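The next block is input.txt, given as compact mmCIF, C-alpha atoms and all ligand atoms.
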# COMPACT_ATOMS: atom_id res chain seq x y z
CA MET J 1 -37.54 16.82 45.95
CA ASN J 2 -34.39 15.28 47.33
CA ILE J 3 -34.67 11.71 48.63
CA ASN J 4 -31.74 10.28 50.53
CA VAL J 5 -30.93 6.62 50.93
CA THR J 6 -31.75 6.92 54.60
CA LYS J 7 -33.08 9.52 56.99
CA ALA J 8 -32.45 9.52 60.72
CA TYR J 9 -35.59 9.54 62.84
CA LEU J 10 -35.73 12.55 65.14
CA PRO J 11 -38.03 12.30 68.16
CA PRO J 12 -40.30 15.23 69.11
CA LEU J 13 -37.94 17.96 70.32
CA ALA J 14 -39.89 18.40 73.58
CA GLU J 15 -39.24 14.76 74.44
CA TYR J 16 -35.50 15.11 73.93
CA SER J 17 -35.50 18.46 75.75
CA ALA J 18 -37.01 16.84 78.84
CA TYR J 19 -33.90 14.66 79.04
CA LEU J 20 -31.69 17.71 78.50
CA GLN J 21 -33.41 19.37 81.44
CA GLY J 22 -32.27 16.50 83.65
CA ILE J 23 -28.73 16.63 82.27
CA TRP J 24 -28.60 20.37 83.06
CA GLU J 25 -29.91 19.82 86.57
CA ARG J 26 -27.41 17.06 87.36
CA GLY J 27 -24.46 18.56 85.52
CA TRP J 28 -23.42 14.94 84.73
CA LEU J 29 -22.58 14.75 81.03
CA THR J 30 -20.64 11.52 80.58
CA ASN J 31 -18.75 8.72 82.40
CA ASN J 32 -21.51 6.20 83.00
CA GLY J 33 -24.21 8.73 83.88
CA PRO J 34 -27.78 7.84 84.80
CA LEU J 35 -29.12 8.04 81.23
CA VAL J 36 -26.37 5.73 79.95
CA GLN J 37 -27.21 3.29 82.74
CA GLN J 38 -30.92 3.54 81.95
CA LEU J 39 -30.32 2.97 78.24
CA GLU J 40 -28.10 -0.05 78.94
CA LYS J 41 -30.83 -1.48 81.18
CA GLU J 42 -33.55 -0.94 78.54
CA LEU J 43 -31.33 -2.39 75.81
CA SER J 44 -30.66 -5.40 78.00
CA ASP J 45 -34.42 -5.90 78.50
CA HIS J 46 -34.91 -5.55 74.75
CA LEU J 47 -32.25 -8.26 74.26
CA ASP J 48 -33.81 -10.79 76.66
CA GLY J 49 -31.39 -9.97 79.48
CA SER J 50 -28.04 -10.08 77.64
CA LEU J 51 -25.37 -7.81 79.11
CA VAL J 52 -25.11 -4.57 77.10
CA GLN J 53 -22.49 -1.84 77.15
CA PHE J 54 -23.13 1.39 75.31
CA THR J 55 -20.08 2.55 73.33
CA GLY J 56 -19.02 5.64 71.40
CA ASN J 57 -19.71 3.94 68.07
CA GLY J 58 -19.88 0.55 66.38
CA THR J 59 -16.25 0.59 65.26
CA ILE J 60 -14.73 1.08 68.72
CA ALA J 61 -17.11 -1.68 69.86
CA LEU J 62 -15.45 -4.05 67.36
CA GLN J 63 -11.95 -2.99 68.42
CA VAL J 64 -12.68 -3.37 72.14
CA ALA J 65 -14.29 -6.75 71.40
CA ILE J 66 -11.16 -8.02 69.63
CA LYS J 67 -9.00 -6.80 72.52
CA ALA J 68 -11.22 -8.22 75.25
CA LEU J 69 -11.30 -11.66 73.60
CA GLU J 70 -7.49 -11.46 73.27
CA LEU J 71 -7.53 -12.34 69.59
CA SER J 72 -4.21 -12.39 67.76
CA GLY J 73 -2.85 -13.81 64.51
CA GLU J 74 -5.56 -14.61 61.97
CA ILE J 75 -9.26 -13.81 62.19
CA ILE J 76 -11.57 -15.40 59.67
CA THR J 77 -13.93 -12.75 58.36
CA THR J 78 -16.31 -11.72 55.63
CA PRO J 79 -15.39 -9.65 52.56
CA PHE J 80 -19.00 -8.47 52.25
CA SER J 81 -19.45 -5.89 55.01
CA TYR J 82 -18.78 -2.28 55.81
CA VAL J 83 -15.07 -1.43 55.79
CA ALA J 84 -15.03 -1.04 59.61
CA THR J 85 -15.28 -4.83 60.03
CA THR J 86 -11.93 -5.29 58.29
CA THR J 87 -10.18 -2.18 59.57
CA ALA J 88 -11.01 -3.11 63.19
CA ILE J 89 -9.08 -6.35 62.65
CA LEU J 90 -6.13 -4.58 61.03
CA TRP J 91 -6.16 -1.83 63.68
CA GLU J 92 -5.80 -4.51 66.36
CA ASN J 93 -2.76 -5.89 64.53
CA CYS J 94 -4.52 -9.07 63.47
CA THR J 95 -4.73 -10.46 59.94
CA PRO J 96 -8.14 -10.70 58.28
CA VAL J 97 -8.53 -13.97 56.39
CA PHE J 98 -11.43 -13.61 53.98
CA VAL J 99 -13.82 -16.46 53.42
CA ASP J 100 -16.46 -16.02 50.71
CA VAL J 101 -20.16 -15.41 51.39
CA GLU J 102 -23.32 -17.41 50.67
CA ASP J 103 -25.09 -16.42 47.48
CA ARG J 104 -28.50 -16.31 49.23
CA THR J 105 -27.89 -14.37 52.46
CA PHE J 106 -24.61 -12.65 51.46
CA CYS J 107 -23.32 -13.65 54.93
CA LEU J 108 -20.07 -15.52 55.62
CA ASP J 109 -20.39 -19.05 54.17
CA ALA J 110 -20.03 -21.38 57.15
CA THR J 111 -19.29 -24.36 54.88
CA LYS J 112 -16.08 -22.66 53.71
CA ILE J 113 -14.72 -21.65 57.11
CA GLU J 114 -12.91 -24.85 58.10
CA ALA J 115 -10.70 -24.91 55.01
CA ALA J 116 -9.34 -21.49 56.03
CA ILE J 117 -8.44 -22.37 59.62
CA THR J 118 -4.69 -22.52 60.34
CA PRO J 119 -2.72 -22.86 63.60
CA GLN J 120 -2.68 -19.03 63.71
CA THR J 121 -6.49 -18.66 63.63
CA THR J 122 -7.95 -17.36 66.89
CA GLY J 123 -11.40 -16.13 65.96
CA ILE J 124 -14.23 -15.59 63.50
CA LEU J 125 -15.72 -12.14 62.84
CA ALA J 126 -18.88 -12.36 60.74
CA THR J 127 -21.49 -9.76 59.77
CA HIS J 128 -25.26 -10.26 59.78
CA VAL J 129 -25.63 -8.54 56.42
CA TYR J 130 -28.69 -6.22 56.15
CA GLY J 131 -29.91 -7.90 59.36
CA TYR J 132 -30.09 -11.36 57.78
CA PRO J 133 -28.54 -13.87 60.16
CA CYS J 134 -25.35 -15.78 59.54
CA ASP J 135 -25.69 -19.53 60.08
CA VAL J 136 -25.12 -19.00 63.81
CA LEU J 137 -25.57 -22.65 64.77
CA ALA J 138 -23.03 -23.95 62.21
CA ILE J 139 -20.54 -21.22 63.16
CA GLU J 140 -20.97 -22.01 66.87
CA ASP J 141 -20.26 -25.67 66.15
CA ILE J 142 -17.10 -24.92 64.12
CA ALA J 143 -15.85 -22.50 66.79
CA ARG J 144 -16.33 -25.07 69.54
CA ARG J 145 -14.52 -27.81 67.64
CA HIS J 146 -11.56 -25.57 66.77
CA ASN J 147 -11.46 -23.55 69.98
CA LEU J 148 -12.11 -20.22 68.26
CA LYS J 149 -13.85 -17.11 69.58
CA VAL J 150 -16.82 -15.71 67.65
CA ILE J 151 -17.66 -12.03 67.22
CA TYR J 152 -20.69 -10.95 65.23
CA ASP J 153 -20.73 -7.52 63.67
CA GLY J 154 -24.41 -6.94 64.34
CA ALA J 155 -24.45 -3.32 63.14
CA HIS J 156 -27.57 -4.17 61.09
CA ALA J 157 -29.06 -6.70 63.47
CA PHE J 158 -30.91 -4.64 66.06
CA GLY J 159 -34.47 -5.93 66.45
CA VAL J 160 -33.84 -9.25 64.68
CA ARG J 161 -34.72 -12.57 66.35
CA VAL J 162 -33.83 -16.07 65.23
CA HIS J 163 -34.47 -19.48 66.81
CA GLY J 164 -36.54 -17.59 69.42
CA LYS J 165 -33.61 -15.43 70.60
CA PRO J 166 -32.27 -11.96 69.76
CA LEU J 167 -29.73 -12.31 66.95
CA LEU J 168 -27.38 -10.06 68.95
CA SER J 169 -27.23 -12.63 71.75
CA TYR J 170 -25.21 -15.11 69.65
CA GLY J 171 -21.44 -15.54 69.61
CA ASP J 172 -18.95 -14.86 72.40
CA LEU J 173 -20.11 -11.35 71.82
CA SER J 174 -21.87 -9.22 69.27
CA THR J 175 -21.34 -5.60 68.45
CA CYS J 176 -23.94 -3.14 67.21
CA SER J 177 -23.87 0.32 65.68
CA PHE J 178 -26.33 3.04 66.66
CA HIS J 179 -25.08 5.46 64.01
CA ALA J 180 -27.63 7.94 62.64
CA THR J 181 -28.02 5.84 59.47
CA LYS J 182 -29.05 2.71 61.34
CA LEU J 183 -32.56 1.45 62.17
CA PHE J 184 -32.17 2.30 65.87
CA HIS J 185 -29.82 5.22 66.43
CA THR J 186 -28.32 7.46 69.11
CA ALA J 187 -26.77 9.88 66.54
CA GLU J 188 -23.37 8.26 67.18
CA GLY J 189 -23.14 5.15 69.28
CA GLY J 190 -22.81 1.43 69.46
CA ALA J 191 -22.92 -1.47 71.85
CA ILE J 192 -21.22 -4.64 72.90
CA VAL J 193 -23.62 -7.45 73.78
CA MET J 194 -22.59 -10.60 75.65
CA ASN J 195 -23.78 -13.11 78.20
CA ASP J 196 -20.65 -13.86 80.26
CA PRO J 197 -20.32 -11.50 83.27
CA ALA J 198 -16.53 -12.02 83.50
CA LEU J 199 -16.17 -10.99 79.86
CA ALA J 200 -18.47 -8.01 80.47
CA LYS J 201 -16.20 -6.83 83.27
CA LYS J 202 -13.18 -7.09 80.97
CA VAL J 203 -14.99 -5.21 78.20
CA TRP J 204 -15.97 -2.50 80.67
CA LEU J 205 -12.32 -1.96 81.63
CA TYR J 206 -11.07 -1.96 78.05
CA LYS J 207 -13.60 0.67 77.07
CA SER J 208 -12.93 2.80 80.19
CA PHE J 209 -9.13 3.31 80.16
CA GLY J 210 -8.52 0.07 82.07
CA HIS J 211 -8.91 1.51 85.54
CA ILE J 212 -11.48 2.00 88.28
CA GLY J 213 -10.54 5.00 90.37
CA ASP J 214 -6.90 4.65 91.32
CA GLU J 215 -6.74 0.94 90.61
CA TYR J 216 -5.29 -0.01 87.22
CA PHE J 217 -6.08 -3.39 85.70
CA SER J 218 -5.54 -3.54 81.95
CA LEU J 219 -4.92 -1.62 78.81
CA GLY J 220 -7.88 0.52 77.93
CA ILE J 221 -9.21 3.13 75.54
CA ASN J 222 -12.03 5.66 75.57
CA GLY J 223 -14.96 3.67 74.19
CA LYS J 224 -17.61 5.37 76.31
CA ASN J 225 -20.62 7.38 75.22
CA SER J 226 -22.39 10.42 76.66
CA GLU J 227 -25.66 11.31 78.33
CA PHE J 228 -26.71 13.26 75.22
CA HIS J 229 -26.43 10.18 73.03
CA ALA J 230 -28.12 8.00 75.62
CA ALA J 231 -31.02 10.48 75.72
CA MET J 232 -31.51 10.11 71.96
CA GLY J 233 -31.52 6.34 72.42
CA LEU J 234 -34.09 6.51 75.22
CA CYS J 235 -36.38 8.56 72.96
CA ASN J 236 -35.98 6.23 69.98
CA LEU J 237 -35.92 2.78 71.56
CA PRO J 238 -39.66 2.47 72.35
CA ARG J 239 -40.40 3.32 68.70
CA VAL J 240 -38.35 0.49 67.19
CA PRO J 241 -41.31 -1.92 66.84
CA ASP J 242 -43.24 0.80 64.94
CA PHE J 243 -40.21 1.49 62.74
CA ILE J 244 -40.05 -2.19 61.80
CA VAL J 245 -43.78 -2.39 60.98
CA ALA J 246 -43.55 0.72 58.78
CA ARG J 247 -40.45 -0.58 57.00
CA GLN J 248 -41.99 -3.97 56.39
CA ALA J 249 -44.92 -2.31 54.61
CA LEU J 250 -42.50 -0.28 52.46
CA ALA J 251 -40.48 -3.39 51.62
CA VAL J 252 -43.64 -5.18 50.48
CA LEU J 253 -44.56 -2.18 48.34
CA TYR J 254 -41.08 -2.00 46.79
CA ARG J 255 -41.20 -5.70 45.91
CA GLN J 256 -44.66 -5.27 44.33
CA GLU J 257 -43.68 -2.22 42.33
CA LEU J 258 -40.47 -3.83 41.05
CA VAL J 259 -42.05 -7.16 40.16
CA GLY J 260 -41.08 -8.50 36.74
CA LEU J 261 -37.66 -6.85 36.64
CA PRO J 262 -34.75 -9.33 36.70
CA LEU J 263 -33.63 -8.26 40.16
CA GLN J 264 -32.18 -10.49 42.83
CA TYR J 265 -32.74 -9.99 46.56
CA PRO J 266 -30.91 -11.48 49.53
CA GLU J 267 -33.05 -14.25 50.97
CA PRO J 268 -33.00 -15.50 54.55
CA THR J 269 -32.46 -19.21 55.02
CA GLU J 270 -33.82 -19.43 58.57
CA ASP J 271 -37.55 -20.19 58.93
CA SER J 272 -37.58 -18.86 62.48
CA LEU J 273 -36.41 -15.39 61.42
CA GLU J 274 -38.16 -12.27 62.75
CA TYR J 275 -36.62 -9.68 60.46
CA ASN J 276 -36.01 -5.96 61.11
CA HIS J 277 -36.14 -4.63 57.51
CA ALA J 278 -32.95 -2.66 58.05
CA TYR J 279 -32.24 -2.01 54.34
CA PHE J 280 -33.74 -2.45 50.88
CA PRO J 281 -30.95 -3.80 48.65
CA VAL J 282 -31.47 -4.91 45.05
CA VAL J 283 -28.97 -6.82 42.92
CA PHE J 284 -28.95 -5.94 39.22
CA ASP J 285 -27.97 -8.39 36.50
CA SER J 286 -24.87 -6.35 35.61
CA GLU J 287 -22.69 -3.60 37.04
CA GLU J 288 -23.37 -1.57 33.90
CA ARG J 289 -27.10 -1.61 34.62
CA LEU J 290 -26.44 -0.63 38.23
CA HIS J 291 -24.56 2.46 37.03
CA VAL J 292 -27.27 3.49 34.58
CA VAL J 293 -30.03 3.16 37.19
CA LYS J 294 -27.95 4.80 39.95
CA ASP J 295 -27.00 7.77 37.76
CA GLY J 296 -30.54 8.10 36.41
CA LEU J 297 -31.96 8.22 39.95
CA ALA J 298 -29.28 10.67 41.07
CA ALA J 299 -30.25 13.04 38.24
CA GLN J 300 -33.76 13.02 39.77
CA MET J 301 -32.28 13.73 43.23
CA VAL J 302 -32.88 10.18 44.42
CA ASN J 303 -29.77 9.05 46.25
CA THR J 304 -28.88 5.40 46.48
CA ARG J 305 -25.82 3.74 47.92
CA ARG J 306 -23.49 0.98 46.76
CA TYR J 307 -23.54 -0.91 50.02
CA PHE J 308 -21.37 -2.86 50.27
CA TYR J 309 -18.80 -1.93 47.68
CA PRO J 310 -16.02 -2.80 47.13
CA SER J 311 -15.64 -6.38 48.27
CA LEU J 312 -13.24 -5.95 51.20
CA ASN J 313 -10.63 -8.35 49.84
CA HIS J 314 -9.96 -5.57 47.28
CA LEU J 315 -9.00 -2.74 49.65
CA PRO J 316 -5.94 -0.82 48.46
CA TYR J 317 -4.14 -1.26 51.80
CA HIS J 318 -4.94 -4.91 52.34
CA LYS J 319 -5.40 -7.46 49.58
CA GLY J 320 -7.07 -10.75 50.37
CA ALA J 321 -7.62 -14.02 48.51
CA SER J 322 -10.23 -14.06 45.79
CA CYS J 323 -13.88 -14.33 46.92
CA PRO J 324 -15.91 -14.64 43.71
CA VAL J 325 -19.41 -14.52 45.24
CA SER J 326 -18.70 -11.42 47.31
CA GLU J 327 -16.92 -9.66 44.43
CA ASP J 328 -19.82 -10.40 42.10
CA ILE J 329 -22.55 -9.22 44.52
CA ALA J 330 -20.58 -6.11 45.57
CA LYS J 331 -20.42 -4.96 41.93
CA ARG J 332 -24.15 -5.33 41.35
CA VAL J 333 -25.88 -4.44 44.62
CA LEU J 334 -27.55 -1.10 45.29
CA CYS J 335 -29.45 0.01 48.39
CA LEU J 336 -32.56 2.02 47.50
CA PRO J 337 -33.96 4.79 49.76
CA PHE J 338 -35.43 3.15 52.83
CA TYR J 339 -36.62 4.72 56.06
CA GLN J 340 -39.87 4.66 57.98
CA GLU J 341 -40.97 8.16 56.95
CA LEU J 342 -40.67 7.42 53.24
CA ALA J 343 -44.13 7.84 51.70
CA ALA J 344 -45.78 5.11 49.62
CA GLU J 345 -46.04 7.64 46.78
CA GLN J 346 -42.30 8.18 46.89
CA VAL J 347 -41.64 4.44 46.74
CA ARG J 348 -43.93 4.15 43.68
CA TRP J 349 -42.17 7.02 41.99
CA ILE J 350 -38.69 5.61 42.73
CA CYS J 351 -39.79 2.24 41.31
CA GLN J 352 -41.11 3.91 38.15
CA LEU J 353 -37.70 5.52 37.72
CA VAL J 354 -35.90 2.22 38.34
CA ARG J 355 -38.09 0.58 35.69
CA LYS J 356 -37.43 3.40 33.22
CA PHE J 357 -33.63 3.46 33.62
CA HIS J 358 -33.48 -0.32 33.82
CA GLY J 359 -34.79 -0.36 30.23
CA PHE J 360 -31.97 1.90 29.01
CA VAL J 361 -29.35 -0.86 29.00
C1 LIG G 401 -22.24 1.07 60.40
C2 LIG G 401 -21.42 -0.16 60.45
C3 LIG G 401 -20.26 -0.25 61.23
C4 LIG G 401 -19.66 0.93 61.92
O1 LIG G 401 -20.43 1.48 62.90
P1 LIG G 401 -20.15 3.00 63.36
O2 LIG G 401 -21.12 3.18 64.49
O3 LIG G 401 -20.42 3.89 62.21
O4 LIG G 401 -18.72 3.07 63.83
C5 LIG G 401 -19.60 -1.46 61.29
N1 LIG G 401 -20.03 -2.53 60.59
C6 LIG G 401 -21.13 -2.48 59.82
C7 LIG G 401 -21.56 -3.71 59.09
C8 LIG G 401 -21.84 -1.29 59.70
O5 LIG G 401 -22.91 -1.24 58.88
Starting from the file, give its structure as structure tokens.
Ligand SMILES: *Cc1c(COP(=O)(O)O)cnc(C)c1O
Amino acid sequence: MNINVTKAYLPPLAEYSAYLQGIWERGWLTNNGPLVQQLEKELSDHLDGSLVQFTGNGTIALQVAIKALELSGEIITTPFSYVATTTAILWENCTPVFVDVEDRTFCLDATKIEAAITPQTTGILATHVYGYPCDVLAIEDIARRHNLKVIYDGAHAFGVRVHGKPLLSYGDLSTCSFHATKLFHTAEGGAIVMNDPALAKKVWLYKSFGHIGDEYFSLGINGKNSEFHAAMGLCNLPRVPDFIVARQALAVLYRQELVGLPLQYPEPTEDSLEYNHAYFPVVFDSEERLHVVKDGLAAQMVNTRRYFYPSLNHLPYHKGASCPVSEDIAKRVLCLPFYQELAAEQVRWICQLVRKFHGFV
């Protein structure tokens, strides 16, 4: 049996079809339709009233965010993220300046940010890796003192709360991805989350070609999303709490079944964290062992993913300064299959395989 690293939840077809019925009746497929508006409202409620705009994906959300905050020059960022975090910066003609990550959370190390600030620095773009929060309070303090804007790539952060607030409500704005591989998905999709209405207006224009009717205000792009994607979101959103409960149980089981192996796990440093169990990453003691286990599992049709690899300061089209912690983790980290419909039996079997191949090195 083939087990993938993730599996998108699909709601009962009848539930999705009921939304399709409405789309057919209205003949309104995109451009801020009623389902998009309803999803944005429900997402806003889910995020304690933050302003939410549904976008085509999480990458365009990052690009629109950089534009709307008028960032230029250098942006301090993390080398341990998905490639879209860095390419969004490059695509917007800014320079990513990599600062290394913490060895516990694998998030941007706030204590190393100030040394990297130059007169050209305009912002910080940090990722909440696997849904574990960056040190949002320290980053907020640095940004205030140096007059920098803060964007969080919260692609993994949906459903996480810290210090009593949604993690996505921090920063000048946060972006999220609702790609099919994410905890909460709309097949393709993303969001920009913020609290400042003036900024929200600007974001809306940038993601909608910069005009309202015949009045033109700013540069813009097509960052919108459709009624079909919103419908998927409306089906899936009420199930997020159940997804998190199911994933927590699987994470506990994984940890039990792998106990005794010399594996490292990212560890949150915030006591107030309410975690979403977005991924199940394990860090091996060597890259060689990672390869043996990964290949062994693949031969049994169990697919894992090197996520994140490579460290983004090693991209062929943009080299950054050395970041030893990120480079080291990126070589040794592997995400094991993790989704709410994974059976306990499957987790036990995967762990038996990990134990077996782990012993081969
Ligand atoms: C998935 C992801 C993205 C990109 O989101 P898309 O919706 O696929 O464009 C960006 N950053 C991180 C950290 C991600 O995991």
Can you tell me which residues surround J:Asn195 at a distance of at most 12 Å, considering all atoms listed in the file, apart from same-chain residues fewer than 4 positions away, and format the answer as a list in words?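 What passes the distance filter is Ser44, Leu47, Asp48, Gly49, Ser50, Leu51, Val52, Gln53, Leu168, Ser169, Tyr170, Gly171, Asp172, Leu173, Ser174, Leu199, Ala200, Lys201 and Val203 of chain J.
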With distances taken over all atoms listed in the file, which residue among J:Val293, J:Leu253, J:Leu234, J:Val283 lies nearest J:Leu342?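 Nearest to J:Leu342: J:Leu253.
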In Å, with one decimal, what is the gap from atom CA of J:Thr6 to atom CA of J:Leu273?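 Answer for the atom CA of J:Thr6 to atom CA of J:Leu273 separation: 23.8 Å.
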Closest atom pairs, residues of stretch 202-303 of chain J within 7 Å of stretch 319-337 of chain J, only C-alpha atoms, as a Markdown table:
| residue | atom | partner | partner_atom | distance |
| --- | --- | --- | --- | --- |
| J:Tyr279 | CA | J:Cys335 | CA | 6.9 |
| J:Phe280 | CA | J:Cys335 | CA | 5.5 |
| J:Pro281 | CA | J:Cys335 | CA | 4.1 |
| J:Val282 | CA | J:Leu334 | CA | 5.5 |
| J:Val283 | CA | J:Val333 | CA | 4.3 |
| J:Phe284 | CA | J:Arg332 | CA | 5.3 |
| J:Asp285 | CA | J:Arg332 | CA | 6.9 |
| J:Ser286 | CA | J:Arg332 | CA | 5.9 |
| J:Glu287 | CA | J:Arg332 | CA | 4.9 |
| J:Leu290 | CA | J:Arg332 | CA | 6.1 |
| J:Asn303 | CA | J:Pro337 | CA | 6.9 |
By how many Å are atom CA of J:Val36 and atom CA of J:Ala191 apart? 11.4 Å
Using only C-alpha atoms and all ligand atoms, the residue out of J:Lys112, J:Arg26, J:His179, J:His163 with shortest distance to ligand LIG 401 (chain G) is J:His179
Which residues form the shell of 8 Å around ligand LIG 401 (chain G) when you count all atoms listed in the file, given as a list of chain:residue names? J:Gly56, J:Asn57, J:Gly58, J:Thr59, J:Ile60, J:Ala61, J:Leu62, J:Ser81, J:Tyr82, J:Val83, J:Ala84, J:Thr85, J:Thr127, J:His128, J:Val129, J:Asp153, J:Gly154, J:Ala155, J:His156, J:Cys176, J:Ser177, J:Phe178, J:His179, J:Thr181, J:Lys182, J:Glu188, J:Gly189, J:Gly190
Padding 8 Å on each side, edges along x, y and z: where is the centre of the box around the listed atoms of stretch 105-124 of chain J, and how long are its edges in Å to one decimal? Output it as JSON.
{"center_x": -15.3, "center_y": -18.8, "center_z": 59.2, "size_x": 41.2, "size_y": 28.3, "size_z": 31.4}
With a distance cut-off of 9 Å and all atoms listed in the file, select the neighbouring residues of J:Thr122, excluding the residue or stretch itself and same-chain residues fewer than 3 positions from it, and output the selection as number ranges by chain. J: 70-76, 117-119, 146-149
Which residue of J:Asn236, J:Gln63, J:Thr186, J:Gln340 approaches J:Ile89 most closely, using only C-alpha atoms: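 For J:Ile89, the nearest of the candidates is J:Gln63.
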A straight line from atom CA of J:Ile3 to atom CA of J:Phe308 spans 19.8 Å
Min atom-atom distance to J:Phe243 from the set J:Thr77, J:Gln264, J:Thr95, J:Asn276, counting only C-alpha atoms, belongs to J:Asn276
So, with all atoms listed in the file as the atoms that count, which of J:Tyr206, J:Tyr16, J:Phe158, J:Tyr265 lies closest to J:Ala68? J:Tyr206
Counting only C-alpha atoms, which residues have an atom no more than 6 Å from (-36.2, 12.6, 70.8) in the file's coordinates? Please list them as a ChimeraX atom specification. /J:10-13,15-16,232,235
Please determine, counting only C-alpha atoms, which residue among J:Tyr254, J:Asn222, J:Pro262, J:Ala14 has the shortest atom-to-atom distance to J:Glu345. J:Tyr254
Residue neighbourhood J:Gly220, 9 Å, all atoms listed in the file, exclusion window fewer than 3 positions, as a list of chain:residue names: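 In the requested form, the answer reads J:Val64, J:Leu205, J:Tyr206, J:Lys207, J:Ser208, J:Phe209, J:Gly210, J:His211, J:Phe217, J:Gly223.
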Could you list as a PyMOL selection string every residue that has an atom within 12 Å of (-38.9, 1.1, 42.4), using the file's coordinates and counting only C-alpha atoms? chain J and resi 250-261+263+280-282+293-294+297+302+304+334-338+344-358
Neighbouring residues of J:Pro266 were defined as those with any atom within 7 Å, considering all atoms listed in the file; residues of the same chain fewer than 5 positions away were excluded. Please report them as JSON, numbers by chain. {"J": [104, 105, 106]}
Mind completing stretch 330-342 of chain J with N, CA, C and O atoms? Output as an mmCIF file, keeping the file's coordinate frame, please?
data_model
loop_
_atom_site.group_PDB
_atom_site.id
_atom_site.type_symbol
_atom_site.label_atom_id
_atom_site.label_comp_id
_atom_site.auth_asym_id
_atom_site.auth_seq_id
_atom_site.Cartn_x
_atom_site.Cartn_y
_atom_site.Cartn_z
ATOM 1 N N ALA J 330 -20.980 -7.489 45.248
ATOM 2 C CA ALA J 330 -20.580 -6.110 45.570
ATOM 3 C C ALA J 330 -20.659 -5.213 44.334
ATOM 4 O O ALA J 330 -20.995 -4.034 44.437
ATOM 5 N N LYS J 331 -20.379 -5.762 43.165
ATOM 6 C CA LYS J 331 -20.420 -4.960 41.930
ATOM 7 C C LYS J 331 -21.844 -4.630 41.498
ATOM 8 O O LYS J 331 -22.070 -3.677 40.770
ATOM 9 N N ARG J 332 -22.810 -5.448 41.916
ATOM 10 C CA ARG J 332 -24.150 -5.330 41.350
ATOM 11 C C ARG J 332 -25.220 -4.890 42.343
ATOM 12 O O ARG J 332 -26.374 -4.747 41.983
ATOM 13 N N VAL J 333 -24.844 -4.717 43.613
ATOM 14 C CA VAL J 333 -25.880 -4.440 44.620
ATOM 15 C C VAL J 333 -26.004 -2.936 44.888
ATOM 16 O O VAL J 333 -25.013 -2.210 44.951
ATOM 17 N N LEU J 334 -27.262 -2.504 45.033
ATOM 18 C CA LEU J 334 -27.550 -1.100 45.290
ATOM 19 C C LEU J 334 -28.643 -1.027 46.361
ATOM 20 O O LEU J 334 -29.670 -1.704 46.254
ATOM 21 N N CYS J 335 -28.405 -0.195 47.386
ATOM 22 C CA CYS J 335 -29.450 0.010 48.390
ATOM 23 C C CYS J 335 -30.311 1.204 47.981
ATOM 24 O O CYS J 335 -29.802 2.302 47.732
ATOM 25 N N LEU J 336 -31.612 0.968 47.885
ATOM 26 C CA LEU J 336 -32.560 2.020 47.500
ATOM 27 C C LEU J 336 -32.988 2.792 48.764
ATOM 28 O O LEU J 336 -32.838 2.296 49.878
ATOM 29 N N PRO J 337 -33.527 4.003 48.596
ATOM 30 C CA PRO J 337 -33.960 4.790 49.760
ATOM 31 C C PRO J 337 -34.902 3.977 50.638
ATOM 32 O O PRO J 337 -35.831 3.346 50.120
ATOM 33 N N PHE J 338 -34.641 4.001 51.937
ATOM 34 C CA PHE J 338 -35.430 3.150 52.830
ATOM 35 C C PHE J 338 -35.373 3.692 54.244
ATOM 36 O O PHE J 338 -34.356 3.626 54.922
ATOM 37 N N TYR J 339 -36.492 4.253 54.677
ATOM 38 C CA TYR J 339 -36.620 4.720 56.060
ATOM 39 C C TYR J 339 -38.107 4.863 56.341
ATOM 40 O O TYR J 339 -38.916 5.009 55.416
ATOM 41 N N GLN J 340 -38.457 4.805 57.625
ATOM 42 C CA GLN J 340 -39.870 4.660 57.980
ATOM 43 C C GLN J 340 -40.737 5.827 57.525
ATOM 44 O O GLN J 340 -41.926 5.655 57.303
ATOM 45 N N GLU J 341 -40.143 7.006 57.345
ATOM 46 C CA GLU J 341 -40.970 8.160 56.950
ATOM 47 C C GLU J 341 -41.110 8.310 55.439
ATOM 48 O O GLU J 341 -41.762 9.247 54.969
ATOM 49 N N LEU J 342 -40.510 7.380 54.697
ATOM 50 C CA LEU J 342 -40.670 7.420 53.240
ATOM 51 C C LEU J 342 -42.146 7.164 52.908
ATOM 52 O O LEU J 342 -42.754 6.247 53.459
#
